[in-house]
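Asker: My file is run_18.csv. It has CSV, C-alpha atoms:
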```csv
chain,number,residue,atom,x,y,z
W,1,MET,CA,205.6,210.6,133.5
W,2,TYR,CA,203.7,213.9,133.4
W,3,VAL,CA,204.8,217.0,131.4
W,4,ARG,CA,202.8,220.2,131.6
W,5,GLY,CA,202.1,222.0,128.4
W,6,LEU,CA,203.0,225.7,128.3
W,7,ASN,CA,200.2,228.2,128.5
W,8,ASP,CA,202.2,231.4,128.2
W,9,ARG,CA,201.5,233.8,125.4
W,10,CYS,CA,205.1,233.4,124.2
W,11,PRO,CA,207.4,230.3,124.6
W,12,ALA,CA,210.0,232.2,126.5
W,13,ARG,CA,209.7,230.7,130.0
W,14,ARG,CA,212.2,228.2,131.4
W,15,ARG,CA,211.2,224.5,131.8
W,16,TRP,CA,213.3,221.5,132.8
W,17,GLY,CA,213.5,217.8,132.1
W,18,ILE,CA,211.1,216.6,129.4
W,19,ALA,CA,209.4,220.0,129.4
W,20,SER,CA,212.7,221.5,128.2
W,21,LEU,CA,212.7,219.0,125.3
W,22,SER,CA,209.0,219.9,124.6
W,23,LEU,CA,210.1,223.6,124.3
W,24,LEU,CA,213.0,222.6,122.1
W,25,ILE,CA,210.6,220.7,119.8
W,26,ALA,CA,208.0,223.4,119.8
W,27,THR,CA,210.4,226.2,118.8
W,28,ALA,CA,212.6,224.3,116.4
W,29,GLY,CA,210.9,225.9,113.3
W,30,CYS,CA,211.8,225.5,109.7
W,31,ASP,CA,211.9,227.2,106.3
W,32,ARG,CA,208.8,227.4,104.1
W,33,GLU,CA,208.5,224.9,101.4
W,34,THR,CA,205.1,225.6,99.9
W,35,ALA,CA,203.2,228.8,99.2
W,36,GLU,CA,200.2,230.0,101.2
W,37,ALA,CA,196.8,230.0,99.6
W,38,GLU,CA,196.7,233.7,98.9
W,39,PRO,CA,200.2,235.3,98.7
W,40,PRO,CA,200.3,239.1,99.1
W,41,PRO,CA,199.8,240.8,95.7
W,42,GLU,CA,202.6,243.2,96.2
W,43,THR,CA,205.7,243.8,98.4
W,44,PRO,CA,204.5,244.7,101.9
W,45,VAL,CA,205.1,248.2,103.2
W,46,GLN,CA,208.3,248.2,105.4
W,47,LEU,CA,207.8,249.5,108.9
W,48,VAL,CA,210.3,250.5,111.5
W,49,LEU,CA,210.2,250.7,115.2
W,50,ASP,CA,211.6,253.9,116.6
W,51,THR,CA,213.0,253.6,120.1
W,52,VAL,CA,211.4,256.3,122.2
W,53,ASN,CA,212.8,255.3,125.5
W,54,VAL,CA,214.8,252.5,127.1
W,55,VAL,CA,214.2,251.9,130.9
W,56,HIS,CA,216.8,250.1,133.0
W,57,SER,CA,216.1,249.1,136.5
W,58,ASP,CA,217.3,246.6,139.1
W,59,LEU,CA,213.6,246.1,140.0
W,60,PHE,CA,212.9,244.2,136.8
W,61,HIS,CA,212.7,240.4,137.5
W,62,PHE,CA,211.2,238.3,134.7
W,63,VAL,CA,208.9,241.0,133.3
W,64,ARG,CA,205.6,239.4,132.3
W,65,ASP,CA,203.7,242.4,130.9
W,66,VAL,CA,204.0,246.1,130.4
W,67,GLY,CA,201.2,248.7,130.0
W,68,ARG,CA,200.6,252.5,130.3
W,69,LEU,CA,198.2,254.6,132.3
W,70,ALA,CA,196.4,257.7,131.2
W,71,SER,CA,198.7,259.7,133.5
W,72,GLY,CA,201.6,258.5,131.3
W,73,ASP,CA,203.0,256.2,134.0
W,74,LEU,CA,204.3,252.8,132.9
W,75,VAL,CA,203.0,249.7,134.6
W,76,VAL,CA,205.5,246.8,134.8
W,77,MET,CA,204.4,243.3,136.0
W,78,ASN,CA,207.2,241.1,137.4
W,79,SER,CA,206.5,237.4,137.5
W,80,GLY,CA,209.8,236.7,139.3
W,81,SER,CA,209.4,239.0,142.2
W,82,VAL,CA,205.6,238.8,142.0
W,83,ASP,CA,204.9,242.5,142.0
W,84,VAL,CA,203.6,245.3,139.8
W,85,LEU,CA,205.6,248.5,139.5
W,86,LEU,CA,204.5,252.1,138.6
W,87,LEU,CA,207.2,254.1,136.8
W,88,ASP,CA,206.9,257.7,135.6
W,89,ALA,CA,207.5,258.5,131.9
W,90,SER,CA,211.2,258.7,132.5
W,91,GLY,CA,211.3,255.2,134.1
W,92,ASP,CA,211.8,256.3,137.7
W,93,PRO,CA,209.9,254.3,140.4
W,94,VAL,CA,206.6,255.9,141.6
W,95,ALA,CA,204.9,253.2,143.6
W,96,THR,CA,204.3,249.5,144.0
W,97,VAL,CA,200.8,248.1,143.1
W,98,GLY,CA,199.7,245.4,145.6
W,99,ARG,CA,202.2,243.0,147.3
W,100,LEU,CA,203.0,239.4,147.9
W,101,GLY,CA,200.4,237.8,150.1
W,102,GLU,CA,197.0,236.1,150.2
W,103,GLY,CA,194.7,239.0,151.2
W,104,PRO,CA,192.7,241.4,149.0
W,105,GLY,CA,195.1,243.3,146.7
W,106,GLU,CA,197.8,240.8,147.2
W,107,PHE,CA,199.3,238.2,144.9
W,108,GLN,CA,200.9,234.7,144.9
W,109,GLY,CA,201.6,234.5,141.2
W,110,VAL,CA,201.0,237.3,138.7
W,111,LEU,CA,200.0,236.0,135.3
W,112,ASP,CA,198.4,238.8,133.2
W,113,MET,CA,197.2,242.4,133.4
W,114,ASP,CA,195.4,245.1,131.6
W,115,THR,CA,195.2,248.8,131.9
W,116,ARG,CA,192.5,251.3,131.1
W,117,GLY,CA,192.7,255.0,132.1
W,118,ASP,CA,194.4,254.9,135.5
W,119,SER,CA,193.0,251.5,136.4
W,120,ILE,CA,194.9,248.2,136.5
W,121,LEU,CA,193.6,244.6,136.4
W,122,VAL,CA,195.9,241.9,137.7
W,123,LEU,CA,195.3,238.2,137.2
W,124,ASP,CA,196.7,236.0,139.9
W,125,GLY,CA,197.0,232.5,138.4
W,126,LEU,CA,197.9,230.7,141.6
W,127,GLN,CA,195.1,232.1,143.7
W,128,ARG,CA,192.7,232.1,140.7
W,129,ARG,CA,191.5,235.7,141.2
W,130,VAL,CA,191.5,239.1,139.7
W,131,ASN,CA,192.4,242.3,141.5
W,132,LEU,CA,191.4,245.8,140.4
W,133,PHE,CA,193.5,248.9,141.3
W,134,HIS,CA,193.2,252.6,140.7
W,135,ARG,CA,196.9,253.4,140.3
W,136,ASP,CA,198.3,251.8,143.5
W,137,SER,CA,195.0,251.9,145.5
W,138,PHE,CA,193.2,248.6,145.8
W,139,VAL,CA,189.5,248.8,144.5
W,140,ALA,CA,188.0,245.3,144.2
W,141,MET,CA,188.7,241.6,143.9
W,142,TRP,CA,186.9,238.7,142.1
W,143,SER,CA,187.5,235.0,142.6
W,144,LEU,CA,187.8,232.6,139.6
W,145,ARG,CA,187.7,229.4,141.8
W,146,GLY,CA,184.4,228.4,140.4
W,147,THR,CA,185.9,227.9,136.9
W,148,THR,CA,187.6,224.7,135.7
W,149,GLY,CA,190.9,225.0,133.7
W,150,THR,CA,194.0,227.2,133.6
W,151,PRO,CA,193.6,231.0,133.9
W,152,GLN,CA,195.3,232.9,131.0
W,153,GLN,CA,194.2,236.5,130.4
W,154,VAL,CA,192.2,239.3,131.9
W,155,GLY,CA,190.9,242.4,130.2
W,156,PHE,CA,188.5,245.4,130.6
W,157,SER,CA,185.4,245.3,128.5
W,158,SER,CA,183.3,248.3,127.2
W,159,GLY,CA,180.0,246.6,128.0
W,160,GLY,CA,180.4,245.7,131.7
W,161,PRO,CA,182.7,244.1,134.2
W,162,PRO,CA,186.2,242.7,133.3
W,163,VAL,CA,186.5,239.4,131.4
W,164,ALA,CA,188.9,236.6,132.3
W,165,THR,CA,189.8,233.6,130.1
W,166,VAL,CA,190.4,230.0,131.2
W,167,ALA,CA,191.9,227.3,129.0
W,168,ARG,CA,190.3,223.9,129.3
W,169,ARG,CA,192.3,220.8,128.1
W,170,PRO,CA,190.3,218.0,126.4
W,171,ALA,CA,189.7,214.9,128.5
W,172,GLY,CA,192.6,212.5,128.4
W,173,GLY,CA,192.8,208.7,128.8
W,174,ARG,CA,194.9,206.0,127.4
W,175,GLU,CA,192.6,205.6,124.3
W,176,ARG,CA,193.6,209.1,123.2
W,177,ALA,CA,197.4,208.5,123.4
W,178,GLY,CA,199.2,209.4,120.2
W,179,LYS,CA,196.7,212.1,119.2
W,180,VAL,CA,197.1,215.9,119.1
W,181,LEU,CA,194.8,217.6,121.6
W,182,ARG,CA,194.0,221.3,121.8
W,183,ASP,CA,192.8,223.5,124.6
W,184,THR,CA,189.5,225.4,124.3
W,185,VAL,CA,189.5,229.0,125.6
W,186,GLU,CA,186.4,230.0,127.7
W,187,PHE,CA,185.4,233.6,128.6
W,188,TYR,CA,184.0,234.6,132.0
W,189,ARG,CA,182.7,237.8,133.4
W,190,VAL,CA,184.5,238.1,136.7
W,191,ASP,CA,181.1,238.7,138.5
W,192,GLN,CA,179.4,235.8,136.8
W,193,ILE,CA,181.7,232.7,136.9
W,194,GLU,CA,178.9,230.2,137.2
W,195,ALA,CA,179.0,229.7,133.5
W,196,ALA,CA,181.2,230.7,130.6
W,197,GLN,CA,180.0,233.6,128.4
W,198,PRO,CA,178.7,232.5,125.0
W,199,ALA,CA,181.1,233.0,122.1
W,200,PRO,CA,180.2,233.0,118.4
W,201,ILE,CA,183.2,230.8,117.6
W,202,GLU,CA,185.5,228.3,119.3
W,203,VAL,CA,188.7,230.0,120.3
W,204,LEU,CA,191.5,227.4,120.4
W,205,GLY,CA,194.7,227.5,122.5
W,206,ALA,CA,197.8,225.4,123.1
W,207,GLU,CA,198.3,221.9,121.6
W,208,SER,CA,199.4,218.9,123.6
W,209,PHE,CA,199.5,215.1,123.2
W,210,LEU,CA,199.4,212.0,125.3
W,211,PHE,CA,202.4,209.7,125.1
W,212,LEU,CA,203.1,206.3,126.5
W,213,ALA,CA,206.0,206.0,128.9
W,214,ASN,CA,207.0,203.5,131.6
W,215,GLY,CA,203.7,201.7,131.4
W,216,GLY,CA,201.8,204.9,131.9
W,217,VAL,CA,200.5,208.0,130.0
W,218,GLY,CA,202.2,211.3,130.1
W,219,THR,CA,201.4,214.7,128.6
W,220,GLY,CA,203.7,216.8,126.5
W,221,MET,CA,203.8,219.0,123.5
W,222,PRO,CA,203.9,217.7,119.9
W,223,ALA,CA,206.7,218.7,117.6
W,224,PHE,CA,206.2,222.2,116.3
W,225,ASN,CA,203.2,222.8,118.5
W,226,VAL,CA,201.2,226.0,118.6
W,227,TRP,CA,200.6,228.4,121.5
W,228,PRO,CA,197.5,230.5,122.4
W,229,THR,CA,197.4,233.4,120.0
W,230,TYR,CA,194.6,235.8,121.0
W,231,ASP,CA,194.1,239.1,122.8
W,232,LEU,CA,191.3,240.7,124.8
W,233,THR,CA,190.5,244.3,123.8
W,234,LEU,CA,188.0,246.8,125.2
W,235,THR,CA,185.5,245.9,122.5
W,236,GLY,CA,186.1,242.2,122.0
W,237,VAL,CA,188.5,239.4,121.1
W,238,ILE,CA,191.1,239.1,118.3
W,239,PHE,CA,192.0,235.5,117.6
W,240,ALA,CA,194.8,234.3,115.2
W,241,ASP,CA,194.7,230.5,114.7
W,242,ALA,CA,198.4,229.6,114.6
W,243,ARG,CA,197.5,226.2,113.1
W,244,ASP,CA,195.4,227.3,110.0
W,245,GLY,CA,196.4,230.9,109.5
W,246,ARG,CA,193.0,232.6,109.9
W,247,VAL,CA,192.6,235.8,111.9
W,248,VAL,CA,189.1,236.6,113.2
W,249,SER,CA,187.5,239.0,115.7
W,250,PHE,CA,184.2,239.2,117.5
W,251,ALA,CA,182.7,241.8,119.9
W,252,TRP,CA,181.6,241.4,123.5
W,253,ASP,CA,178.0,242.2,122.5
W,254,GLY,CA,177.8,238.9,120.6
W,255,GLN,CA,178.0,240.3,117.1
W,256,ALA,CA,178.9,237.9,114.3
W,257,VAL,CA,182.5,236.9,113.7
W,258,ARG,CA,184.5,239.0,111.3
W,259,THR,CA,187.1,237.1,109.2
W,260,LEU,CA,190.2,239.4,108.9
W,261,ARG,CA,192.5,236.8,107.3
W,262,PRO,CA,191.2,233.5,105.7
W,263,VAL,CA,192.5,230.0,106.3
W,264,SER,CA,195.7,229.4,104.4
W,265,LEU,CA,197.2,226.2,103.0
W,266,PRO,CA,199.6,224.5,105.4
W,267,THR,CA,203.4,224.7,105.1
W,268,LEU,CA,205.2,221.5,105.9
W,269,VAL,CA,208.4,221.1,108.0
W,270,SER,CA,211.4,220.2,105.8
W,271,GLN,CA,213.4,217.1,106.2
W,272,ARG,CA,216.5,219.2,106.9
W,273,GLU,CA,214.7,220.7,109.9
W,274,MET,CA,213.5,217.4,111.1
W,275,ASP,CA,217.0,216.0,111.0
W,276,ARG,CA,218.2,219.1,112.9
W,277,LEU,CA,215.6,218.5,115.6
W,278,ARG,CA,216.6,214.9,116.0
W,279,GLU,CA,220.3,215.9,116.3
W,280,ARG,CA,219.5,218.4,119.0
W,281,ALA,CA,217.3,215.9,120.9
W,282,GLU,CA,220.1,213.3,120.8
W,283,THR,CA,222.4,215.9,122.4
W,284,VAL,CA,219.9,216.4,125.2
W,285,ALA,CA,219.5,212.6,125.6
W,286,ARG,CA,223.2,212.1,126.1
W,287,ARG,CA,223.1,214.7,128.9
W,288,ARG,CA,220.1,213.1,130.6
W,289,PRO,CA,220.5,209.3,130.3
W,290,ASP,CA,218.0,208.9,133.2
W,291,LEU,CA,215.1,210.1,130.9
W,292,ASP,CA,214.0,208.3,127.7
W,293,TYR,CA,214.2,211.4,125.6
W,294,MET,CA,214.3,209.8,122.2
W,295,THR,CA,211.2,207.8,122.8
W,296,PHE,CA,209.3,211.0,123.6
W,297,VAL,CA,210.8,212.8,120.6
W,298,ARG,CA,209.7,209.9,118.3
W,299,GLN,CA,206.2,210.0,119.6
W,300,ALA,CA,206.1,213.8,119.4
W,301,ILE,CA,206.9,213.6,115.7
W,302,GLU,CA,204.9,210.5,114.8
W,303,VAL,CA,201.7,212.0,116.4
W,304,TRP,CA,201.4,214.1,113.2
W,305,GLY,CA,201.4,211.1,110.8
W,306,GLU,CA,203.4,211.4,107.6
W,307,SER,CA,204.1,215.1,107.6
W,308,VAL,CA,204.5,217.8,110.3
W,309,PRO,CA,202.7,221.1,109.7
W,310,ARG,CA,204.4,224.4,110.5
W,311,PRO,CA,202.7,226.9,112.7
W,312,PHE,CA,201.8,230.3,111.3
W,313,TYR,CA,202.0,232.6,114.4
W,314,GLU,CA,203.7,232.9,117.7
W,315,ALA,CA,202.1,235.9,119.4
W,316,LEU,CA,199.4,238.6,118.9
W,317,ILE,CA,198.7,242.0,120.6
W,318,SER,CA,196.0,244.5,119.7
W,319,ASP,CA,194.5,247.8,120.8
W,320,GLY,CA,191.1,246.9,119.2
W,321,SER,CA,191.7,248.8,116.0
W,322,GLU,CA,195.1,247.6,114.9
W,323,ILE,CA,196.8,244.2,115.4
W,324,LEU,CA,200.4,243.1,115.6
W,325,VAL,CA,201.0,239.5,114.9
W,326,LYS,CA,204.3,237.7,115.2
W,327,HIS,CA,205.0,235.1,112.5
W,328,PHE,CA,206.5,231.7,113.4
W,329,ALA,CA,210.2,231.3,112.8
W,330,ARG,CA,212.8,228.6,113.5
W,331,SER,CA,214.5,229.0,116.9
W,332,SER,CA,217.9,229.6,115.3
W,333,ALA,CA,216.7,232.6,113.4
W,334,PRO,CA,218.2,235.9,114.7
W,335,VAL,CA,215.0,237.9,114.1
W,336,ALA,CA,211.3,237.4,114.0
W,337,GLU,CA,208.9,239.1,111.5
W,338,TRP,CA,205.9,241.0,112.7
W,339,SER,CA,202.9,242.2,110.6
W,340,LEU,CA,200.7,245.2,111.4
W,341,LEU,CA,197.1,244.6,110.4
W,342,GLY,CA,194.3,247.2,110.2
W,343,GLU,CA,190.8,246.8,111.7
W,344,ASP,CA,189.6,245.0,108.7
W,345,GLY,CA,192.6,242.8,108.4
W,346,GLU,CA,194.4,244.7,105.7
W,347,GLY,CA,198.2,244.5,105.8
W,348,LEU,CA,199.6,247.8,106.9
W,349,GLY,CA,203.2,246.7,106.8
W,350,THR,CA,205.9,244.4,108.3
W,351,PHE,CA,209.0,244.8,110.4
W,352,SER,CA,211.7,242.5,111.8
W,353,LEU,CA,212.7,242.4,115.5
W,354,ASP,CA,215.3,240.7,117.5
W,355,ARG,CA,213.9,237.4,118.8
W,356,ALA,CA,215.1,238.3,122.3
W,357,THR,CA,212.6,241.2,122.4
W,358,GLU,CA,209.1,240.5,123.5
W,359,LEU,CA,206.2,242.9,122.7
W,360,HIS,CA,203.4,243.2,125.2
W,361,SER,CA,201.2,246.3,124.5
W,362,LEU,CA,200.0,248.2,121.4
W,363,GLN,CA,198.1,251.5,121.7
W,364,ASP,CA,197.9,254.1,118.9
W,365,ARG,CA,201.1,252.9,117.3
W,366,GLU,CA,203.0,253.0,120.6
W,367,VAL,CA,204.5,249.6,121.4
W,368,LEU,CA,205.7,248.5,124.9
W,369,GLY,CA,208.0,245.6,125.2
W,370,VAL,CA,210.9,244.0,127.0
W,371,GLY,CA,214.5,243.4,125.7
W,372,ARG,CA,217.4,241.5,127.1
W,373,ASP,CA,221.1,242.2,126.7
W,374,SER,CA,223.9,239.6,126.3
W,375,LEU,CA,223.8,238.9,130.0
W,376,ASP,CA,220.0,238.3,129.9
W,377,VAL,CA,219.4,241.5,131.9
W,378,GLU,CA,216.0,243.0,131.1
W,379,HIS,CA,215.0,246.5,130.1
W,380,VAL,CA,211.7,248.0,129.2
W,381,LEU,CA,211.3,249.4,125.7
W,382,VAL,CA,209.0,252.2,124.6
W,383,LEU,CA,208.7,252.0,120.8
W,384,ARG,CA,206.7,253.7,118.0
W,385,VAL,CA,205.7,252.2,114.7
W,386,ARG,CA,206.1,254.2,111.5
W,387,GLU,CA,206.6,253.6,107.8
W,388,ALA,CA,210.2,253.3,106.6
W,389,PRO,CA,211.3,256.2,104.4
W,390,GLU,CA,211.2,255.4,100.7
W,391,GLY,CA,214.5,254.0,99.6
W,392,GLY,CA,215.6,253.6,103.2
```
Show me the file's structure as structure tokens.

Answerer:
Amino acid sequence: MYVRGLNDRCPARRRWGIASLSLLIATAGCDRETAEAEPPPETPVQLVLDTVNVVHSDLFHFVRDVGRLASGDLVVMNSGSVDVLLLDASGDPVATVGRLGEGPGEFQGVLDMDTRGDSILVLDGLQRRVNLFHRDSFVAMWSLRGTTGTPQQVGFSSGGPPVATVARRPAGGRERAGKVLRDTVEFYRVDQIEAAQPAPIEVLGAESFLFLANGGVGTGMPAFNVWPTYDLTLTGVIFADARDGRVVSFAWDGQAVRTLRPVSLPTLVSQREMDRLRERAETVARRRPDLDYMTFVRQAIEVWGESVPRPFYEALISDGSEILVKHFARSSAPVAEWSLLGEDGEGLGTFSLDRATELHSLQDREVLGVGRDSLDVEHVLVLRVREAPEGG
């Protein structure tokens, strides 16, 4: 039995069978039981997100990313319909960037994008290549087929051609069953894919584990697993390790790593949350008697040993000078907490946001994201971060 681990930035995609259970386990969450190594010395500044614009459109179909061009136009990447839309500042359609196909400037599966000025980079995960557009005009294409692993992100760099990332999963084998494994993220200049670019630290991605089932070895996600939590900026990489709590950055020119937030003591999952996880898994098992769910759940928990650690983060976006990081929360929580960090890692404030809202882009305190209504219909959000008024 084989179960793919998820490589999305956020655990919001749909998976079925054992993968659905993996998602249930990974997002179960819990309440904190122990303090972090260095608690904040004072109450964080409360921030609010002003809603500047809400864009509704029948053209939105599983929006994967949102950006903005220098012209003011919005760029919306749909993973469902496999297209990229240009919308004016009011949200009205202007043009379509690329199209479904296999030729230059065409896509089979859009995975990530980046914008700079009026240029757009689009990463096609299925065809393993990067397309560059100036607005809706195709400019260039680079193949990533010489790389090994799963493509994840693409971004402009200030010192040369664009950079794409590929996640490499550790070697498996029956002897590694019952152990937590973690992807390693590699960086490639799109014009030099023969070898990964040297990085001053190891950037770690998603966790997985090998479990025994039906006489074979399968791959799934351990209970309360972590997701890739990093972002490519014009000047370098911001990496928040969701397992140990540190936040670091390094520049494309190879400068030394800057530690923005140190490693924190782990917080353990409570017994109450573990019991809730098992109850939910038993419900799933009753619905799917053809799959041995509970054996998988037991192995996904026992892979941690005597105690299960709680992840620190779920997502991160940055414009290179400020960072928004989403803190891990139990799946039943109605809201998620975000922190805004400065260039040196100082805490600039926090805000809470509905868990159904995904944030994709930060630039000069403007935040672009996607919300969903009660019928799961998507809309694009243009938000602005500001400090809450005193006493408000």

Asker: Would you mind listing what lies within 6 Å of region 136-149 of chain W as a list in words, with only C-alpha atoms counted and same-chain residues fewer than 5 positions away left out?

Answerer: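 Within the cut-off, the hits are Val97, Gly105, Arg128, Arg129, Val130, Asn131, Val166, Ala167, Arg168 and Val190 of chain W.
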
Asker: Please report the interatomic distance between CA of Val263 (chain W) and CA of Val308 (chain W) in Å with one decimal.

Answerer: 17.6 Å

Asker: Which residues, written as number ranges by chain, have at least one atom at most 10 Å from region 47-57 of chain W, with only C-alpha atoms counted and residues fewer than 2 positions away on the same chain left out?

Answerer: W: 44-45, 59-61, 87, 89-93, 338-340, 348-353, 365-371, 377-389

Asker: Return the single residue from W:Met274, W:Ile317, W:Leu291, W:Leu341 that is closest to Arg261 (chain W), with distances computed using all atoms listed in the file.

Answerer: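 Going through W:Met274, W:Ile317, W:Leu291, W:Leu341 one by one, the smallest distance to Arg261 (chain W) is for W:Leu341.
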
Asker: Which one of W:Leu74, W:Leu210, W:Ala256, W:Val154 sits closest to Asp88 (chain W) if you count only C-alpha atoms?

Answerer: W:Leu74

Asker: Have a look at CA of Val110 (chain W) and CA of Thr150 (chain W) and let me know their distance in Å, one decimal.

Answerer: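 One can read the CA of Val110 (chain W) to CA of Thr150 (chain W) distance as 13.3 Å.
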
Asker: To one decimal in Å, tell me the separation between CA of Leu123 (chain W) and CA of Gln255 (chain W).

Answerer: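 Between CA of Leu123 (chain W) and CA of Gln255 (chain W) the gap works out to 26.6 Å.
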
Asker: Quick one: residues within 8 Å of region 192-206 of chain W, all atoms listed in the file, excluding same-chain residues fewer than 4 positions away - as a list in words?

Answerer: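 Contacts, with the query itself left out: Gly5, Leu6, Asn7, Leu144, Gly146, Thr147, Ala167, Arg182, Asp183, Thr184, Val185, Glu186, Phe187, Tyr188, Asn225, Val226, Trp227, Pro228, Thr229, Phe239, Asp241, Phe250, Gly254, Gln255, Ala256 and Val257 of chain W.
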
Asker: Using only C-alpha atoms, which residue out of W:Arg288, W:Arg174, W:Lys326, W:Arg310 lies closest to Asp244 (chain W)?

Answerer: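 Going through W:Arg288, W:Arg174, W:Lys326, W:Arg310 one by one, the smallest distance to Asp244 (chain W) is for W:Arg310.
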
Asker: Which of these, W:Asp376, W:Asp290, W:Asp118, W:Asp83, has the shortest distance to Gly101 (chain W) once you count only C-alpha atoms?

Answerer: W:Asp83

Asker: Closest to Phe107 (chain W) among W:Gly215, W:Gly80, W:Pro161, W:Gly125, using only C-alpha atoms?

Answerer: W:Gly125

Asker: If we count all atoms listed in the file, what is near Ala213 (chain W) at a cut-off of 10 Å, once residues fewer than 2 positions away on the same chain are taken out, given as a PyMOL selection string?

Answerer: chain W and resi 1-2+210-211+215-219+292+295-296

Asker: Which is closest to Val75 (chain W) among W:Ser374, W:Ser321, W:Ser361, W:Gln46, if we use only C-alpha atoms?

Answerer: W:Ser361

Asker: With a cut-off of 9 Å, could you pull out the residues of region 143-204 of chain W touching region 297-306 of chain W and give me the nearest pair of atoms for each, distance in Å to one decimal, using all atoms listed in the file, ordered by chain and ascending number, as a Markdown table?

Answerer:
```
| residue | atom | partner | partner_atom | distance |
| --- | --- | --- | --- | --- |
| W:Ala177 | CA | W:Val303 | CA | 8.9 |
| W:Gly178 | CA | W:Val303 | CA | 5.2 |
| W:Lys179 | CA | W:Val303 | CA | 5.7 |
| W:Val180 | CA | W:Val303 | CA | 6.6 |
```

Asker: Write out as a list in words which residues come within 8 Å of Val76 (chain W) when counting only C-alpha atoms, dropping same-chain ones fewer than 3 positions away.

Answerer: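 What passes the distance filter is Val63, Arg64, Asp65, Val66, Gly67, Val84, Leu85, Leu86 and Leu87 of chain W.
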